>>> print(open('start30.csv').read())   # CSV, C-alpha atoms
chain,number,residue,atom,x,y,z
A,231,MET,CA,37.1,-70.4,45.8
A,232,VAL,CA,35.5,-68.4,43.1
A,233,LEU,CA,37.5,-67.4,40.1
A,234,MET,CA,36.8,-63.9,38.6
A,235,PRO,CA,36.8,-63.6,34.8
A,236,VAL,CA,39.9,-62.3,33.2
A,237,CYS,CA,39.8,-58.5,32.6
A,238,VAL,CA,40.1,-58.0,28.8
A,239,PRO,CA,41.1,-54.5,27.6
A,240,GLU,CA,38.0,-54.3,25.4
A,241,ASN,CA,35.6,-55.0,28.3
A,242,CYS,CA,37.5,-53.4,31.2
A,243,GLY,CA,35.5,-50.5,32.6
A,244,LYS,CA,32.8,-50.8,29.8
A,245,ASP,CA,29.9,-51.2,32.3
A,246,PHE,CA,31.2,-48.2,34.3
A,247,ARG,CA,31.4,-46.0,31.2
A,248,HIS,CA,28.0,-47.0,30.1
A,249,SER,CA,26.5,-46.0,33.5
A,250,LEU,CA,27.9,-42.5,33.1
A,251,LYS,CA,25.7,-41.9,30.1
A,252,LYS,CA,22.6,-42.4,32.2
A,253,PRO,CA,21.1,-39.5,34.0
A,254,SER,CA,21.5,-39.5,37.7
A,255,PRO,CA,18.3,-40.4,39.6
A,256,ASN,CA,19.0,-37.6,42.1
A,257,TYR,CA,19.2,-34.9,39.4
A,258,PRO,CA,16.2,-32.6,39.8
A,259,TYR,CA,15.1,-32.9,36.2
A,260,GLY,CA,15.8,-36.6,35.8
A,261,ALA,CA,15.8,-37.8,32.2
A,262,LYS,CA,13.9,-34.7,31.0
A,263,THR,CA,15.6,-31.7,29.5
A,264,LYS,CA,14.9,-28.2,30.6
A,265,LYS,CA,12.6,-26.2,28.2
A,266,PRO,CA,14.3,-23.5,26.2
A,267,ARG,CA,13.9,-20.0,27.6
A,268,LEU,CA,12.3,-17.5,25.3
A,269,VAL,CA,14.4,-14.4,24.8
A,270,PRO,CA,13.9,-11.3,22.6
A,271,ALA,CA,15.8,-11.0,19.3
A,272,PHE,CA,18.9,-8.9,18.8
A,273,THR,CA,20.0,-9.1,22.5
A,274,ILE,CA,22.9,-10.7,24.3
A,275,GLN,CA,20.5,-13.3,25.7
A,276,ALA,CA,20.1,-14.8,22.2
A,277,MET,CA,23.7,-16.0,22.3
A,278,GLN,CA,23.1,-18.0,25.6
A,279,LYS,CA,22.5,-21.8,25.6
A,280,ASN,CA,19.1,-23.4,25.9
A,281,THR,CA,17.3,-20.3,24.6
A,282,ARG,CA,14.9,-19.7,21.8
A,283,VAL,CA,14.7,-16.3,20.1
A,284,ILE,CA,11.3,-14.7,19.7
A,285,PRO,CA,11.1,-13.2,16.2
A,286,PRO,CA,10.4,-9.5,16.0
A,287,LYS,CA,7.0,-8.3,15.0
A,288,LYS,CA,6.3,-7.3,11.4
A,289,CYS,CA,6.3,-3.6,10.8
A,290,GLY,CA,3.2,-3.9,8.6
A,291,VAL,CA,4.3,-1.2,6.2
A,292,PHE,CA,2.0,-2.6,3.5
A,293,ASP,CA,-1.0,-3.1,5.7
A,294,PRO,CA,-4.0,-1.0,4.9
A,295,LYS,CA,-5.0,1.6,7.5
A,296,PRO,CA,-8.3,1.0,9.3
A,297,LEU,CA,-11.3,3.0,8.3
A,298,GLY,CA,-11.7,6.1,10.4
A,299,LYS,CA,-14.5,8.6,10.6
A,300,GLN,CA,-16.7,9.4,7.6
A,301,SER,CA,-15.3,11.6,4.9
A,302,MET,CA,-16.7,15.1,4.3
A,303,PHE,CA,-17.9,13.9,0.9
A,304,ARG,CA,-20.1,11.2,2.4
A,305,LYS,CA,-21.5,13.7,4.9
A,306,CYS,CA,-22.3,16.3,2.2
A,307,TYR,CA,-23.8,13.6,0.0
A,308,ALA,CA,-26.1,12.5,2.8
A,309,ARG,CA,-27.2,16.1,3.3
A,310,GLY,CA,-28.0,16.4,-0.5
A,311,GLU,CA,-25.5,19.2,-1.2
A,312,PHE,CA,-24.3,17.8,-4.5
A,313,PRO,CA,-26.4,18.8,-7.5
A,314,VAL,CA,-26.1,15.3,-9.1
A,315,THR,CA,-28.2,12.2,-9.3
A,316,ILE,CA,-27.5,8.7,-10.8
A,317,GLU,CA,-29.4,8.1,-14.0
A,318,PHE,CA,-29.9,4.7,-15.4
A,319,THR,CA,-30.1,4.6,-19.2
A,320,SER,CA,-30.1,1.9,-21.8
A,321,SER,CA,-26.3,2.4,-22.3
A,322,GLY,CA,-25.5,2.2,-18.6
A,323,LYS,CA,-25.2,4.5,-15.6
A,324,ARG,CA,-24.3,8.2,-15.7
A,325,LEU,CA,-24.5,11.3,-13.6
A,326,ASN,CA,-27.4,13.7,-14.2
A,327,TRP,CA,-26.3,17.3,-13.2
A,328,LYS,CA,-29.0,19.6,-12.0
A,329,VAL,CA,-26.9,22.6,-12.7
A,330,PRO,CA,-24.7,23.3,-15.7
A,331,ILE,CA,-21.1,22.3,-14.9
A,332,GLU,CA,-19.7,25.6,-16.3
A,333,LYS,CA,-21.5,27.5,-13.6
A,334,LEU,CA,-20.3,25.4,-10.6
A,335,ASP,CA,-17.8,26.7,-8.1
A,336,PHE,CA,-14.8,24.5,-8.7
A,337,HIS,CA,-13.0,25.7,-5.6
A,338,HIS,CA,-15.8,24.1,-3.6
A,339,TYR,CA,-16.9,21.0,-5.5
A,340,LEU,CA,-13.7,19.7,-7.0
A,341,PRO,CA,-11.8,19.4,-3.6
A,342,MET,CA,-15.0,17.8,-2.2
A,343,PHE,CA,-15.0,15.2,-5.0
A,344,PHE,CA,-11.4,14.4,-4.4
A,345,ASP,CA,-12.1,14.1,-0.7
A,346,GLY,CA,-14.4,11.2,-1.6
A,347,LEU,CA,-11.5,9.2,-3.1
A,348,VAL,CA,-11.2,7.4,0.2
A,349,GLU,CA,-14.6,5.9,-0.3
A,350,ALA,CA,-14.5,2.5,-1.9
A,351,ASP,CA,-18.1,1.6,-1.7
A,352,TYR,CA,-20.9,2.0,-4.2
A,353,PRO,CA,-22.3,4.5,-5.1
A,354,PHE,CA,-19.6,6.8,-3.7
A,355,SER,CA,-16.8,5.4,-5.9
A,356,PHE,CA,-18.9,5.8,-9.0
A,357,ILE,CA,-20.1,9.3,-8.2
A,358,VAL,CA,-16.5,10.5,-7.4
A,359,GLU,CA,-14.8,9.0,-10.5
A,360,THR,CA,-17.7,10.0,-12.9
A,361,GLY,CA,-18.0,13.4,-11.3
A,362,ILE,CA,-14.3,14.3,-11.7
A,363,ASN,CA,-14.4,13.1,-15.3
A,364,ASP,CA,-17.4,15.4,-16.1
A,365,LEU,CA,-15.8,18.3,-14.3
A,366,VAL,CA,-12.5,17.9,-16.2
A,367,SER,CA,-14.1,17.4,-19.6
A,368,LYS,CA,-16.4,20.4,-19.4
A,369,GLY,CA,-14.5,22.8,-17.1
A,370,SER,CA,-10.8,22.0,-17.7
A,371,TYR,CA,-9.9,25.7,-17.7
A,372,LYS,CA,-11.0,26.1,-14.1
A,373,ILE,CA,-8.9,23.2,-12.6
A,374,LEU,CA,-5.4,24.9,-12.5
A,375,PRO,CA,-6.2,27.4,-9.7
A,376,VAL,CA,-7.7,24.6,-7.6
A,377,VAL,CA,-4.6,22.3,-7.7
A,378,PRO,CA,-3.3,23.3,-4.2
A,379,GLN,CA,-6.6,22.3,-2.6
A,380,LEU,CA,-6.4,18.8,-4.1
A,381,ILE,CA,-3.1,17.8,-2.6
A,382,ILE,CA,-4.3,16.9,0.9
A,383,PRO,CA,-7.3,14.8,-0.3
A,384,ILE,CA,-5.0,13.0,-2.7
A,385,LYS,CA,-2.4,12.4,0.0
A,386,ASN,CA,-5.1,11.1,2.4
A,387,ALA,CA,-6.5,8.7,-0.2
A,388,LEU,CA,-3.0,7.3,-1.0
A,389,SER,CA,-2.2,7.0,2.7
A,390,THR,CA,-5.0,4.4,3.2
A,391,LYS,CA,-2.8,1.9,1.4
A,392,ARG,CA,-5.8,0.1,0.1
A,393,PRO,CA,-5.2,-1.1,-3.5
A,394,ASN,CA,-8.7,-0.3,-4.8
A,395,VAL,CA,-8.5,3.2,-3.4
A,396,ILE,CA,-4.9,3.8,-4.7
A,397,CYS,CA,-6.0,2.6,-8.2
A,398,HIS,CA,-9.1,4.9,-8.0
A,399,THR,CA,-6.9,7.9,-7.0
A,400,LEU,CA,-4.3,7.3,-9.7
A,401,LYS,CA,-7.0,7.2,-12.4
A,402,CYS,CA,-8.4,10.5,-11.2
A,403,ILE,CA,-4.8,12.1,-11.2
A,404,GLN,CA,-4.4,10.9,-14.8
A,405,MET,CA,-7.7,12.6,-15.7
A,406,ILE,CA,-6.9,16.0,-14.4
A,407,VAL,CA,-3.2,16.0,-15.7
A,408,THR,CA,-4.1,14.9,-19.2
A,409,GLY,CA,-7.4,16.8,-19.5
A,410,SER,CA,-6.2,20.3,-18.3
A,411,ASP,CA,-3.4,22.6,-19.4
A,412,ARG,CA,-0.4,23.1,-17.2
A,413,VAL,CA,-1.9,21.0,-14.3
A,414,GLY,CA,1.0,18.5,-14.6
A,415,GLU,CA,3.5,21.4,-14.0
A,416,ALA,CA,1.5,22.6,-11.0
A,417,PHE,CA,1.8,19.1,-9.4
A,418,VAL,CA,5.7,19.2,-9.5
A,419,PRO,CA,6.1,21.2,-6.2
A,420,TYR,CA,3.9,18.7,-4.4
A,421,TYR,CA,5.7,15.5,-5.3
A,422,ARG,CA,7.0,15.1,-1.8
A,423,GLN,CA,3.5,14.7,-0.5
A,424,ILE,CA,2.2,12.4,-3.3
A,425,LEU,CA,5.1,10.1,-4.4
A,426,PRO,CA,6.2,8.4,-1.1
A,427,VAL,CA,3.3,5.9,-1.2
A,428,LEU,CA,3.9,5.3,-4.9
A,429,ASN,CA,7.5,4.5,-4.2
A,430,LEU,CA,6.3,2.0,-1.6
A,431,PHE,CA,3.9,0.1,-4.0
A,432,LYS,CA,5.7,0.6,-7.3
A,433,ASP,CA,7.1,-3.0,-7.4
A,434,ARG,CA,4.3,-4.5,-5.3
A,435,ASN,CA,3.1,-7.0,-7.9
A,436,SER,CA,1.9,-10.6,-7.3
A,437,ASN,CA,4.1,-13.3,-8.7
A,438,LEU,CA,1.6,-15.8,-10.1
A,439,GLY,CA,4.2,-17.8,-12.1
A,440,SER,CA,2.4,-19.3,-15.1
A,441,GLY,CA,-1.0,-17.9,-13.9
A,442,ILE,CA,-2.9,-15.0,-15.4
A,443,ASP,CA,-3.3,-11.7,-13.5
A,444,HIS,CA,-6.8,-10.6,-14.5
A,445,SER,CA,-6.4,-7.3,-12.6
A,446,THR,CA,-4.1,-6.0,-15.4
A,447,SER,CA,-6.8,-6.3,-18.0
A,448,ARG,CA,-9.3,-4.5,-15.7
A,449,GLY,CA,-6.8,-1.7,-15.0
A,450,GLU,CA,-6.6,-2.5,-11.3
A,451,ASN,CA,-3.0,-3.6,-11.1
A,452,VAL,CA,-1.3,-1.2,-8.6
A,453,GLY,CA,2.2,-1.5,-10.0
A,454,ASP,CA,1.2,-0.9,-13.6
A,455,LEU,CA,-1.0,2.0,-12.8
A,456,ILE,CA,1.8,3.6,-10.7
A,457,GLU,CA,4.3,3.3,-13.6
A,458,GLU,CA,1.7,4.7,-16.1
A,459,THR,CA,0.9,7.6,-13.8
A,460,LEU,CA,4.6,8.5,-13.3
A,461,GLN,CA,5.1,8.5,-17.0
A,462,ILE,CA,2.2,10.9,-17.5
A,463,LEU,CA,3.5,13.1,-14.7
A,464,GLU,CA,6.9,13.2,-16.4
A,465,ARG,CA,5.4,14.0,-19.9
A,466,TYR,CA,3.1,16.8,-18.7
A,467,GLY,CA,5.3,18.1,-15.8
A,468,GLY,CA,7.8,20.1,-17.8
A,469,PRO,CA,11.6,20.0,-17.7
A,470,ASP,CA,11.8,19.6,-13.9
A,471,ALA,CA,9.4,16.7,-13.5
A,472,PHE,CA,11.9,13.8,-14.1
A,473,ILE,CA,14.6,15.0,-11.6
A,474,ASN,CA,11.9,15.5,-8.9
A,475,ILE,CA,10.4,12.1,-9.6
A,476,LYS,CA,13.8,10.5,-9.5
A,477,TYR,CA,14.6,12.1,-6.2
A,478,MET,CA,11.5,10.5,-4.6
A,479,ILE,CA,11.5,7.2,-6.5
A,480,PRO,CA,15.1,6.2,-7.3
A,481,THR,CA,14.1,3.2,-9.3
A,482,TYR,CA,12.1,5.2,-11.8
A,483,GLU,CA,13.5,5.3,-15.4
A,484,SER,CA,12.6,8.2,-17.7
A,485,CYS,CA,10.2,7.5,-20.5
A,486,VAL,CA,11.2,10.7,-22.3
A,487,LEU,CA,15.0,10.7,-22.1
A,488,ASN,CA,15.2,7.0,-22.9
>>> encode(input="start30.csv", output="structure tokens")
Amino acid sequence: MVLMPVCVPENCGKDFRHSLKKPSPNYPYGAKTKKPRLVPAFTIQAMQKNTRVIPPKKCGVFDPKPLGKQSMFRKCYARGEFPVTIEFTSSGKRLNWKVPIEKLDFHHYLPMFFDGLVEADYPFSFIVETGINDLVSKGSYKILPVVPQLIIPIKNALSTKRPNVICHTLKCIQMIVTGSDRVGEAFVPYYRQILPVLNLFKDRNSNLGSGIDHSTSRGENVGDLIEETLQILERYGGPDAFINIKYMIPTYESCVLN
């Protein structure tokens, strides 16, 4: 006769309960767990069990636009339609004009130079910035009637969202606003075409911590140039400039009223 061990409450059913924790050998997946199912974000499926949400794609609002077809400025420069050449002197580079600037047709050449703002390569960037500076310094009285023709080239240059092109464009805007009479007031009706991109990049500065941002000393910091340009537009834009800038860029604070 075999005597069975006495059933103690602590050990009674212990082996049976331990066996329940083991996966059944007849279960299709055995000891393995089923892989989570990929589901799109912001759907009712994301609340289900054993699912993993696929993050939504980035909108890429700050991504620069790809380079499209050649600008009209580059085509005209390749055909030799501009009466300028680059001259190398002991003090550096400068533009040599074959025709007196005062005799040029500003309605034709000034919009063409502004159309070249989208070009970021040498020598186009140098020719555009130096050419606009020469036209403003020697023919400032001819710029005011041409302002409506400059809006679309400025808008196209800012819409590229390339920092070097934006900085180049802002410097040229500052040239014509500060170097010509009443040009700042003529820009006020066109703020809706120019300022949306500036509102997007106004606070787009790199946080380097204790590092040094050398682009600020070179005048290539987008955020600083935008703030400086907005202040110039307000100073030279007349009494209606601030309210129009504030409408398009709510975070802008007046440099005149304050």
>>> closest_residue(input="start30.csv", among="A:Leu460, A:Ile384, A:Ile357, A:Val269", to="Lys323 in chain A", atoms="only C-alpha atoms")
A:Ile357
>>> closest_residue(input="start30.csv", among="A:Met405, A:Ile456, A:Met277, A:Ile475", to="Ser367 in chain A", atoms="all atoms listed in the file")
A:Met405
>>> residues_around(input="start30.csv", residues="Arg412 in chain A", least_positions_apart="2", cutoff="8 Å", atoms="only C-alpha atoms", output="PyMOL selection string")
chain A and resi 374+407+410+414-416+466-467
>>> atom_distance(input="start30.csv", atom1="CA of Lys372 in chain A", atom2="CA of Phe417 in chain A")
15.3 Å
>>> residues_around(input="start30.csv", residues="Phe472 in chain A", least_positions_apart="6", cutoff="9 Å", atoms="all atoms listed in the file", output="PyMOL selection string")
chain A and resi 463-465+482-484+486
>>> closest_atom_pairs(input="start30.csv", of="range 280-350 of chain A", to="range 390-401 of chain A", cutoff="7 Å", atoms="only C-alpha atoms", output="CSV")
residue,atom,partner,partner_atom,distance
A:Phe292,CA,A:Lys391,CA,6.9
A:Asp293,CA,A:Lys391,CA,6.8
A:Pro294,CA,A:Lys391,CA,4.7
A:Lys295,CA,A:Thr390,CA,5.1
A:Leu347,CA,A:Thr399,CA,6.2
A:Val348,CA,A:Val395,CA,6.2
A:Ala350,CA,A:Val395,CA,6.2
>>> write_last_selection(input="start30.csv", atoms="C-alpha atoms", output="mmCIF file, keeping the file's coordinate frame")
data_model
loop_
_atom_site.group_PDB
_atom_site.id
_atom_site.type_symbol
_atom_site.label_atom_id
_atom_site.label_comp_id
_atom_site.auth_asym_id
_atom_site.auth_seq_id
_atom_site.Cartn_x
_atom_site.Cartn_y
_atom_site.Cartn_z
ATOM 1 C CA PHE A 292 2.000 -2.600 3.500
ATOM 2 C CA ASP A 293 -1.000 -3.100 5.700
ATOM 3 C CA PRO A 294 -4.000 -1.000 4.900
ATOM 4 C CA LYS A 295 -5.000 1.600 7.500
ATOM 5 C CA LEU A 347 -11.500 9.200 -3.100
ATOM 6 C CA VAL A 348 -11.200 7.400 0.200
ATOM 7 C CA ALA A 350 -14.500 2.500 -1.900
#
>>> residues_near_point(input="start30.csv", point="(-17.0, 14.2, -14.7)", cutoff="12 Å", atoms="only C-alpha atoms", output="VMD selection string")
chain A and resid 314 324 to 327 330 to 332 339 to 340 343 to 344 356 to 370 402 405 to 406 409
>>> atom_distance(input="start30.csv", atom1="CA of Leu487 in chain A", atom2="CA of Asp470 in chain A")
12.5 Å
>>> closest_residue(input="start30.csv", among="A:Thr459, A:Ser355, A:Thr481, A:Thr273", to="Pro286 in chain A", atoms="all atoms listed in the file")
A:Thr273
>>> atom_distance(input="start30.csv", atom1="CA of Val418 in chain A", atom2="CA of Gly346 in chain A")
23.0 Å
>>> closest_residue(input="start30.csv", among="A:Phe272, A:Pro313, A:Tyr421, A:Lys385", to="Ile473 in chain A", atoms="all atoms listed in the file")
A:Tyr421
>>> closest_residue(input="start30.csv", among="A:Val329, A:Val377, A:Ile274, A:Cys289", to="Phe312 in chain A", atoms="all atoms listed in the file")
A:Val329
>>> build_atoms(input="start30.csv", residues="range 357-391 of chain A", atoms="N, CA and C atoms", output="compact mmCIF listing (two decimals), in the frame of the given file")
# COMPACT_ATOMS: atom_id res chain seq x y z
N ILE A 357 -19.77 7.86 -8.14
CA ILE A 357 -20.10 9.30 -8.20
C ILE A 357 -18.76 10.10 -8.26
N VAL A 358 -17.76 9.70 -7.49
CA VAL A 358 -16.50 10.50 -7.40
C VAL A 358 -15.79 10.39 -8.79
N GLU A 359 -15.60 9.18 -9.31
CA GLU A 359 -14.80 9.00 -10.50
C GLU A 359 -15.58 9.67 -11.73
N THR A 360 -16.88 9.43 -11.83
CA THR A 360 -17.70 10.00 -12.90
C THR A 360 -17.78 11.52 -12.79
N GLY A 361 -17.92 11.99 -11.55
CA GLY A 361 -18.00 13.40 -11.30
C GLY A 361 -16.76 14.17 -11.70
N ILE A 362 -15.60 13.62 -11.31
CA ILE A 362 -14.30 14.30 -11.70
C ILE A 362 -14.14 14.24 -13.18
N ASN A 363 -14.53 13.15 -13.82
CA ASN A 363 -14.40 13.10 -15.30
C ASN A 363 -15.28 14.14 -15.95
N ASP A 364 -16.50 14.36 -15.46
CA ASP A 364 -17.40 15.40 -16.10
C ASP A 364 -16.83 16.78 -15.81
N LEU A 365 -16.29 17.02 -14.60
CA LEU A 365 -15.80 18.30 -14.30
C LEU A 365 -14.53 18.66 -15.17
N VAL A 366 -13.70 17.64 -15.41
CA VAL A 366 -12.50 17.90 -16.20
C VAL A 366 -12.87 18.06 -17.68
N SER A 367 -13.81 17.29 -18.18
CA SER A 367 -14.10 17.40 -19.60
C SER A 367 -14.87 18.66 -19.97
N LYS A 368 -15.64 19.24 -19.04
CA LYS A 368 -16.40 20.40 -19.40
C LYS A 368 -15.94 21.70 -18.68
N GLY A 369 -15.00 21.57 -17.78
CA GLY A 369 -14.50 22.80 -17.10
C GLY A 369 -13.00 22.68 -16.85
N SER A 370 -12.24 22.20 -17.84
CA SER A 370 -10.80 22.00 -17.70
C SER A 370 -10.07 23.30 -17.39
N TYR A 371 -10.57 24.41 -17.89
CA TYR A 371 -9.90 25.70 -17.70
C TYR A 371 -9.99 26.22 -16.27
N LYS A 372 -10.85 25.62 -15.45
CA LYS A 372 -11.00 26.10 -14.10
C LYS A 372 -10.23 25.21 -13.07
N ILE A 373 -9.51 24.20 -13.52
CA ILE A 373 -8.90 23.20 -12.60
C ILE A 373 -7.55 23.75 -12.09
N LEU A 374 -6.77 24.46 -12.91
CA LEU A 374 -5.40 24.90 -12.50
C LEU A 374 -5.39 25.67 -11.22
N PRO A 375 -6.25 26.66 -10.98
CA PRO A 375 -6.20 27.40 -9.70
C PRO A 375 -6.56 26.53 -8.48
N VAL A 376 -7.21 25.38 -8.70
CA VAL A 376 -7.70 24.60 -7.60
C VAL A 376 -6.69 23.49 -7.18
N VAL A 377 -5.59 23.34 -7.92
CA VAL A 377 -4.60 22.30 -7.70
C VAL A 377 -4.12 22.24 -6.23
N PRO A 378 -3.73 23.37 -5.62
CA PRO A 378 -3.30 23.30 -4.20
C PRO A 378 -4.27 22.72 -3.25
N GLN A 379 -5.56 22.86 -3.53
CA GLN A 379 -6.60 22.30 -2.60
C GLN A 379 -6.79 20.82 -2.82
N LEU A 380 -6.22 20.25 -3.88
CA LEU A 380 -6.40 18.80 -4.10
C LEU A 380 -5.32 17.96 -3.54
N ILE A 381 -4.23 18.56 -3.07
CA ILE A 381 -3.10 17.80 -2.60
C ILE A 381 -3.40 16.98 -1.37
N ILE A 382 -3.99 17.63 -0.38
CA ILE A 382 -4.30 16.90 0.90
C ILE A 382 -5.30 15.79 0.67
N PRO A 383 -6.41 15.98 -0.07
CA PRO A 383 -7.30 14.80 -0.30
C PRO A 383 -6.60 13.68 -1.07
N ILE A 384 -5.72 14.01 -2.03
CA ILE A 384 -5.00 13.00 -2.70
C ILE A 384 -4.05 12.23 -1.80
N LYS A 385 -3.35 12.97 -0.95
CA LYS A 385 -2.40 12.40 0.00
C LYS A 385 -3.18 11.46 0.99
N ASN A 386 -4.34 11.90 1.46
CA ASN A 386 -5.10 11.10 2.40
C ASN A 386 -5.62 9.80 1.74
N ALA A 387 -6.00 9.89 0.48
CA ALA A 387 -6.50 8.70 -0.20
C ALA A 387 -5.34 7.70 -0.44
N LEU A 388 -4.16 8.18 -0.82
CA LEU A 388 -3.00 7.30 -1.00
C LEU A 388 -2.53 6.68 0.28
N SER A 389 -2.66 7.44 1.37
CA SER A 389 -2.20 7.00 2.70
C SER A 389 -3.00 5.84 3.24
N THR A 390 -4.19 5.59 2.70
CA THR A 390 -5.00 4.40 3.20
C THR A 390 -4.33 3.11 2.86
N LYS A 391 -3.48 3.09 1.81
CA LYS A 391 -2.80 1.90 1.40
C LYS A 391 -3.69 0.75 0.99
